[in-house]
$ cat structure13.txt   # compact mmCIF, C-alpha atoms
# COMPACT_ATOMS: atom_id res chain seq x y z
CA MET T 652 -26.69 -96.93 -124.66
CA GLU T 653 -28.59 -93.64 -124.79
CA ILE T 654 -28.09 -93.22 -128.54
CA VAL T 655 -29.43 -96.73 -129.25
CA LEU T 656 -32.48 -96.02 -127.10
CA ALA T 657 -33.04 -92.67 -128.82
CA ILE T 658 -32.82 -94.30 -132.26
CA GLY T 659 -35.23 -97.02 -131.13
CA ILE T 660 -37.72 -94.46 -129.81
CA GLY T 661 -37.46 -92.50 -133.05
CA ALA T 662 -37.94 -95.60 -135.19
CA LEU T 663 -40.98 -96.72 -133.18
CA ALA T 664 -42.54 -93.25 -133.25
CA GLY T 665 -41.88 -92.82 -136.98
CA SER T 666 -43.29 -96.24 -137.81
CA GLY T 667 -46.31 -95.59 -135.60
CA VAL T 668 -47.11 -92.27 -137.26
CA TRP T 669 -46.65 -93.79 -140.72
CA LEU T 670 -49.03 -96.63 -139.88
CA LEU T 671 -51.56 -94.20 -138.37
CA LEU T 672 -51.81 -92.50 -141.74
CA ARG T 673 -52.61 -95.76 -143.59
CA PRO T 674 -56.16 -96.39 -144.89
CA ARG T 675 -56.71 -99.78 -143.18
CA THR T 676 -57.98 -99.99 -139.60
CA PHE T 677 -55.65 -102.85 -138.61
CA GLN T 678 -52.66 -100.74 -139.62
CA VAL T 679 -54.02 -97.83 -137.59
CA ILE T 680 -54.32 -100.06 -134.50
CA ILE T 681 -50.76 -101.34 -134.92
CA GLY T 682 -49.60 -97.72 -135.39
CA LEU T 683 -51.25 -96.69 -132.12
CA SER T 684 -49.53 -99.61 -130.35
CA LEU T 685 -46.11 -98.67 -131.74
CA LEU T 686 -46.63 -95.05 -130.76
CA SER T 687 -47.56 -96.07 -127.21
CA TYR T 688 -44.40 -98.24 -126.99
CA ALA T 689 -42.33 -95.22 -128.10
CA VAL T 690 -43.91 -93.06 -125.40
CA ASN T 691 -43.29 -95.75 -122.76
CA LEU T 692 -39.62 -95.98 -123.72
CA PHE T 693 -39.36 -92.19 -123.63
CA ILE T 694 -40.79 -92.11 -120.09
CA LEU T 695 -38.33 -94.85 -119.07
CA ALA T 696 -35.44 -92.87 -120.53
CA MET T 697 -36.53 -89.76 -118.61
CA GLY T 698 -36.22 -91.72 -115.36
CA ARG T 699 -32.45 -92.01 -115.91
CA LEU T 700 -30.95 -95.10 -117.49
CA ARG T 701 -28.93 -97.01 -114.94
CA SER T 702 -28.30 -100.72 -114.48
CA GLY T 703 -27.66 -102.43 -111.17
CA ALA T 704 -29.22 -99.72 -108.99
CA ALA T 705 -31.67 -100.71 -106.28
CA PRO T 706 -35.20 -99.37 -106.87
CA ILE T 707 -36.05 -98.72 -103.19
CA LEU T 708 -34.11 -96.94 -100.42
CA PRO T 709 -33.42 -99.25 -97.42
CA ALA T 710 -34.60 -96.75 -94.77
CA PRO T 711 -35.30 -93.04 -94.56
CA GLY T 712 -32.06 -91.11 -94.29
CA VAL T 713 -29.85 -94.11 -95.12
CA GLY T 714 -27.77 -93.93 -98.29
CA ASP T 715 -27.48 -91.40 -101.06
CA PRO T 716 -30.80 -91.03 -102.99
CA ALA T 717 -28.85 -90.16 -106.14
CA ARG T 718 -27.50 -93.74 -106.28
CA PHE T 719 -30.93 -95.38 -106.41
CA ALA T 720 -33.29 -95.82 -109.33
CA ASP T 721 -36.50 -93.81 -109.51
CA PRO T 722 -39.47 -96.25 -109.34
CA LEU T 723 -42.05 -93.70 -110.51
CA PRO T 724 -41.36 -94.02 -114.28
CA GLN T 725 -41.47 -97.81 -113.99
CA ALA T 726 -44.85 -97.66 -112.23
CA LEU T 727 -46.18 -95.25 -114.85
CA ILE T 728 -45.02 -97.53 -117.67
CA LEU T 729 -46.60 -100.63 -116.13
CA THR T 730 -49.89 -98.76 -115.80
CA ALA T 731 -49.63 -97.54 -119.40
CA ILE T 732 -48.93 -101.07 -120.65
CA VAL T 733 -52.07 -102.44 -118.96
CA ILE T 734 -54.21 -99.60 -120.29
CA GLY T 735 -52.65 -100.04 -123.75
CA PHE T 736 -53.50 -103.75 -123.85
CA ALA T 737 -57.12 -103.04 -122.88
CA THR T 738 -57.42 -100.28 -125.46
CA THR T 739 -55.92 -102.47 -128.19
CA ALA T 740 -58.33 -105.30 -127.35
CA LEU T 741 -61.27 -102.88 -127.52
CA PHE T 742 -60.10 -101.54 -130.90
CA LEU T 743 -59.69 -105.07 -132.27
CA VAL T 744 -63.24 -105.97 -131.24
CA LEU T 745 -64.52 -102.79 -132.91
CA LEU T 746 -62.46 -103.63 -136.01
CA LEU T 747 -63.99 -107.09 -136.26
CA ALA T 748 -67.51 -105.71 -135.77
CA LEU T 749 -66.98 -103.04 -138.42
CA ARG T 750 -65.54 -105.55 -140.85
CA GLY T 751 -68.49 -107.86 -140.26
CA GLN T 752 -70.99 -105.08 -140.94
CA SER T 753 -69.36 -103.34 -143.88
CA GLY T 754 -67.27 -106.16 -145.37
CA THR T 755 -64.14 -104.01 -145.54
CA ASP T 756 -61.51 -102.75 -143.15
CA HIS T 757 -61.03 -99.39 -144.86
CA VAL T 758 -61.19 -96.50 -142.38
CA ASP T 759 -63.99 -94.84 -144.36
CA GLY T 760 -65.99 -98.08 -144.58
CA GLN T 761 -65.85 -98.08 -148.38
CA GLU T 762 -63.19 -99.32 -150.72
CA PRO T 763 -61.76 -96.62 -152.99
CA GLU T 764 -62.69 -96.92 -156.62
CA ALA T 765 -59.82 -98.13 -158.79
$ encode --input "structure13.txt" --output "structure tokens"
Amino acid sequence: MEIVLAIGIGALAGSGVWLLLRPRTFQVIIGLSLLSYAVNLFILAMGRLRSGAAPILPAPGVGDPARFADPLPQALILTAIVIGFATTALFLVLLLALRGQSGTDHVDGQEPEA
């Protein structure tokens, strides 16, 4: 399972960086989103991959803490997802405003001469 997750993180990060280097603003926004998904999956993988483990200890001193899942990476990822959605929405509004003013979605605001 770890190798599939590592390949997925690598594919998302590689695709995100490739799209960040594109000349169109919509592609840059999608690249930023893919890169943030790769970082979120990396944080989740750092919190140990385990299925079927309870996220919360029943009481202090009861049970082995090594058998339970760490809820901190999950909380960090949920916060990052919310912030990522807000940032993407802001970028899309700026993209539409820029396209309305300049008539192009090129990152420099001008189409390259052919």
$ closest_atom_pairs --input "structure13.txt" --of "segment 652-710 of chain T" --to "segment 737-760 of chain T" --cutoff "12 Å" --atoms "all atoms listed in the file" --output "CSV"
residue,atom,partner,partner_atom,distance
T:Leu671,CA,T:Val758,CA,10.7
T:Leu672,CA,T:Val758,CA,10.2
T:Arg673,CA,T:Val758,CA,8.7
T:Pro674,CA,T:Val758,CA,5.6
T:Arg675,CA,T:His757,CA,4.7
T:Thr676,CA,T:Val758,CA,5.5
T:Phe677,CA,T:Leu746,CA,7.3
T:Gln678,CA,T:Asp756,CA,9.7
T:Val679,CA,T:Val758,CA,8.7
T:Ile680,CA,T:Thr739,CA,6.9
T:Ile681,CA,T:Thr739,CA,8.6
T:Gly682,CA,T:Thr739,CA,10.7
T:Leu683,CA,T:Thr739,CA,8.4
T:Ser684,CA,T:Thr739,CA,7.3
T:Leu685,CA,T:Thr739,CA,11.1
T:Ser687,CA,T:Thr739,CA,10.6
$ closest_residue --input "structure13.txt" --among "T:Met697, T:Ala664, T:Ala710, T:Leu670" --to "Gln725 of chain T" --atoms "only C-alpha atoms"
T:Met697
$ atom_distance --input "structure13.txt" --atom1 "atom CA of Gly703 of chain T" --atom2 "atom CA of Val733 of chain T"
25.6 Å
$ closest_residue --input "structure13.txt" --among "T:Asp721, T:Pro763, T:Ile660, T:Glu653" --to "Val690 of chain T" --atoms "all atoms listed in the file"
T:Ile660
$ atom_distance --input "structure13.txt" --atom1 "atom CA of Leu656 of chain T" --atom2 "atom CA of Arg701 of chain T"
12.7 Å
$ atom_distance --input "structure13.txt" --atom1 "atom CA of Tyr688 of chain T" --atom2 "atom CA of Leu708 of chain T"
28.5 Å
$ closest_residue --input "structure13.txt" --among "T:Ala689, T:Gly665, T:Ala657, T:Pro711" --to "Ile732 of chain T" --atoms "only C-alpha atoms"
T:Ala689
$ closest_residue --input "structure13.txt" --among "T:Ala662, T:Val713, T:Leu729, T:Val655" --to "Leu695 of chain T" --atoms "all atoms listed in the file"
T:Leu729
$ closest_residue --input "structure13.txt" --among "T:Leu692, T:Leu686, T:Leu723, T:Ala717" --to "Gly735 of chain T" --atoms "all atoms listed in the file"
T:Leu686
$ axis_aligned_box --input "structure13.txt" --around "segment 665-668 of chain T" --padding-each-side "6 Å" --output "lines of an AutoDock Vina configuration file"
center_x = -44.5
center_y = -94.3
center_z = -136.7
size_x = 17.2
size_y = 16.0
size_z = 14.2
$ closest_residue --input "structure13.txt" --among "T:Val668, T:Met652, T:Leu663, T:Ala731" --to "Ala696 of chain T" --atoms "only C-alpha atoms"
T:Met652
$ residues_near_point --input "structure13.txt" --point "(-26.8, -96.2, -109.8)" --cutoff "7 Å" --atoms "only C-alpha atoms" --output "PyMOL selection string"
chain T and resi 701-704+718-720
$ decode --input "structure13.txt" --residues "segment 741-760 of chain T" --atoms "N, CA, C and O atoms" --output "PDB file, in the first residue's frame"
ATOM      1  N   LEU T 741     -10.502  32.074  -4.647  1.00  0.00           N
ATOM      2  CA  LEU T 741      -9.957  33.424  -4.820  1.00  0.00           C
ATOM      3  C   LEU T 741      -9.174  33.530  -6.128  1.00  0.00           C
ATOM      4  O   LEU T 741      -9.334  34.499  -6.884  1.00  0.00           O
ATOM      5  N   PHE T 742      -8.350  32.530  -6.425  1.00  0.00           N
ATOM      6  CA  PHE T 742      -7.577  32.555  -7.671  1.00  0.00           C
ATOM      7  C   PHE T 742      -8.488  32.509  -8.890  1.00  0.00           C
ATOM      8  O   PHE T 742      -8.217  33.160  -9.900  1.00  0.00           O
ATOM      9  N   LEU T 743      -9.560  31.735  -8.831  1.00  0.00           N
ATOM     10  CA  LEU T 743     -10.483  31.679  -9.972  1.00  0.00           C
ATOM     11  C   LEU T 743     -11.173  33.017 -10.204  1.00  0.00           C
ATOM     12  O   LEU T 743     -11.367  33.435 -11.350  1.00  0.00           O
ATOM     13  N   VAL T 744     -11.533  33.709  -9.129  1.00  0.00           N
ATOM     14  CA  VAL T 744     -12.150  35.033  -9.277  1.00  0.00           C
ATOM     15  C   VAL T 744     -11.145  36.001  -9.891  1.00  0.00           C
ATOM     16  O   VAL T 744     -11.476  36.786 -10.798  1.00  0.00           O
ATOM     17  N   LEU T 745      -9.888  35.946  -9.426  1.00  0.00           N
ATOM     18  CA  LEU T 745      -8.861  36.810 -10.008  1.00  0.00           C
ATOM     19  C   LEU T 745      -8.609  36.462 -11.472  1.00  0.00           C
ATOM     20  O   LEU T 745      -8.379  37.351 -12.303  1.00  0.00           O
ATOM     21  N   LEU T 746      -8.662  35.163 -11.807  1.00  0.00           N
ATOM     22  CA  LEU T 746      -8.490  34.735 -13.197  1.00  0.00           C
ATOM     23  C   LEU T 746      -9.588  35.307 -14.076  1.00  0.00           C
ATOM     24  O   LEU T 746      -9.312  35.838 -15.167  1.00  0.00           O
ATOM     25  N   LEU T 747     -10.822  35.232 -13.612  1.00  0.00           N
ATOM     26  CA  LEU T 747     -11.929  35.758 -14.419  1.00  0.00           C
ATOM     27  C   LEU T 747     -11.830  37.268 -14.573  1.00  0.00           C
ATOM     28  O   LEU T 747     -12.116  37.813 -15.643  1.00  0.00           O
ATOM     29  N   ALA T 748     -11.432  37.978 -13.507  1.00  0.00           N
ATOM     30  CA  ALA T 748     -11.282  39.430 -13.601  1.00  0.00           C
ATOM     31  C   ALA T 748     -10.155  39.803 -14.560  1.00  0.00           C
ATOM     32  O   ALA T 748     -10.300  40.721 -15.380  1.00  0.00           O
ATOM     33  N   LEU T 749      -9.046  39.089 -14.491  1.00  0.00           N
ATOM     34  CA  LEU T 749      -7.926  39.363 -15.400  1.00  0.00           C
ATOM     35  C   LEU T 749      -8.297  39.073 -16.838  1.00  0.00           C
ATOM     36  O   LEU T 749      -7.962  39.840 -17.753  1.00  0.00           O
ATOM     37  N   ARG T 750      -9.015  37.990 -17.046  1.00  0.00           N
ATOM     38  CA  ARG T 750      -9.427  37.647 -18.415  1.00  0.00           C
ATOM     39  C   ARG T 750     -10.410  38.683 -18.954  1.00  0.00           C
ATOM     40  O   ARG T 750     -10.380  39.025 -20.139  1.00  0.00           O
ATOM     41  N   GLY T 751     -11.277  39.190 -18.086  1.00  0.00           N
ATOM     42  CA  GLY T 751     -12.221  40.222 -18.524  1.00  0.00           C
ATOM     43  C   GLY T 751     -11.523  41.522 -18.885  1.00  0.00           C
ATOM     44  O   GLY T 751     -11.944  42.228 -19.805  1.00  0.00           O
ATOM     45  N   GLN T 752     -10.458  41.857 -18.163  1.00  0.00           N
ATOM     46  CA  GLN T 752      -9.757  43.113 -18.437  1.00  0.00           C
ATOM     47  C   GLN T 752      -8.812  43.005 -19.626  1.00  0.00           C
ATOM     48  O   GLN T 752      -8.737  43.908 -20.458  1.00  0.00           O
ATOM     49  N   SER T 753      -8.061  41.921 -19.705  1.00  0.00           N
ATOM     50  CA  SER T 753      -7.046  41.837 -20.754  1.00  0.00           C
ATOM     51  C   SER T 753      -7.500  41.040 -21.973  1.00  0.00           C
ATOM     52  O   SER T 753      -6.877  41.132 -23.021  1.00  0.00           O
ATOM     53  N   GLY T 754      -8.526  40.208 -21.823  1.00  0.00           N
ATOM     54  CA  GLY T 754      -9.011  39.413 -22.941  1.00  0.00           C
ATOM     55  C   GLY T 754      -8.207  38.152 -23.187  1.00  0.00           C
ATOM     56  O   GLY T 754      -8.436  37.452 -24.168  1.00  0.00           O
ATOM     57  N   THR T 755      -7.252  37.839 -22.323  1.00  0.00           N
ATOM     58  CA  THR T 755      -6.452  36.630 -22.471  1.00  0.00           C
ATOM     59  C   THR T 755      -6.198  36.037 -21.092  1.00  0.00           C
ATOM     60  O   THR T 755      -6.304  36.746 -20.085  1.00  0.00           O
ATOM     61  N   ASP T 756      -5.868  34.760 -21.074  1.00  0.00           N
ATOM     62  CA  ASP T 756      -5.536  34.139 -19.793  1.00  0.00           C
ATOM     63  C   ASP T 756      -4.054  33.776 -19.718  1.00  0.00           C
ATOM     64  O   ASP T 756      -3.652  32.955 -18.909  1.00  0.00           O
ATOM     65  N   HIS T 757      -3.247  34.410 -20.549  1.00  0.00           N
ATOM     66  CA  HIS T 757      -1.805  34.199 -20.494  1.00  0.00           C
ATOM     67  C   HIS T 757      -1.260  34.830 -19.211  1.00  0.00           C
ATOM     68  O   HIS T 757      -1.745  35.877 -18.781  1.00  0.00           O
ATOM     69  N   VAL T 758      -0.260  34.207 -18.592  1.00  0.00           N
ATOM     70  CA  VAL T 758       0.233  34.705 -17.308  1.00  0.00           C
ATOM     71  C   VAL T 758       0.872  36.083 -17.423  1.00  0.00           C
ATOM     72  O   VAL T 758       0.894  36.844 -16.455  1.00  0.00           O
ATOM     73  N   ASP T 759       1.377  36.455 -18.587  1.00  0.00           N
ATOM     74  CA  ASP T 759       1.948  37.776 -18.785  1.00  0.00           C
ATOM     75  C   ASP T 759       0.901  38.810 -19.196  1.00  0.00           C
ATOM     76  O   ASP T 759       1.207  39.990 -19.273  1.00  0.00           O
ATOM     77  N   GLY T 760      -0.321  38.378 -19.499  1.00  0.00           N
ATOM     78  CA  GLY T 760      -1.369  39.290 -19.922  1.00  0.00           C
ATOM     79  C   GLY T 760      -1.339  39.596 -21.391  1.00  0.00           C
ATOM     80  O   GLY T 760      -2.160  40.361 -21.887  1.00  0.00           O
TER      81      GLY T 760
END
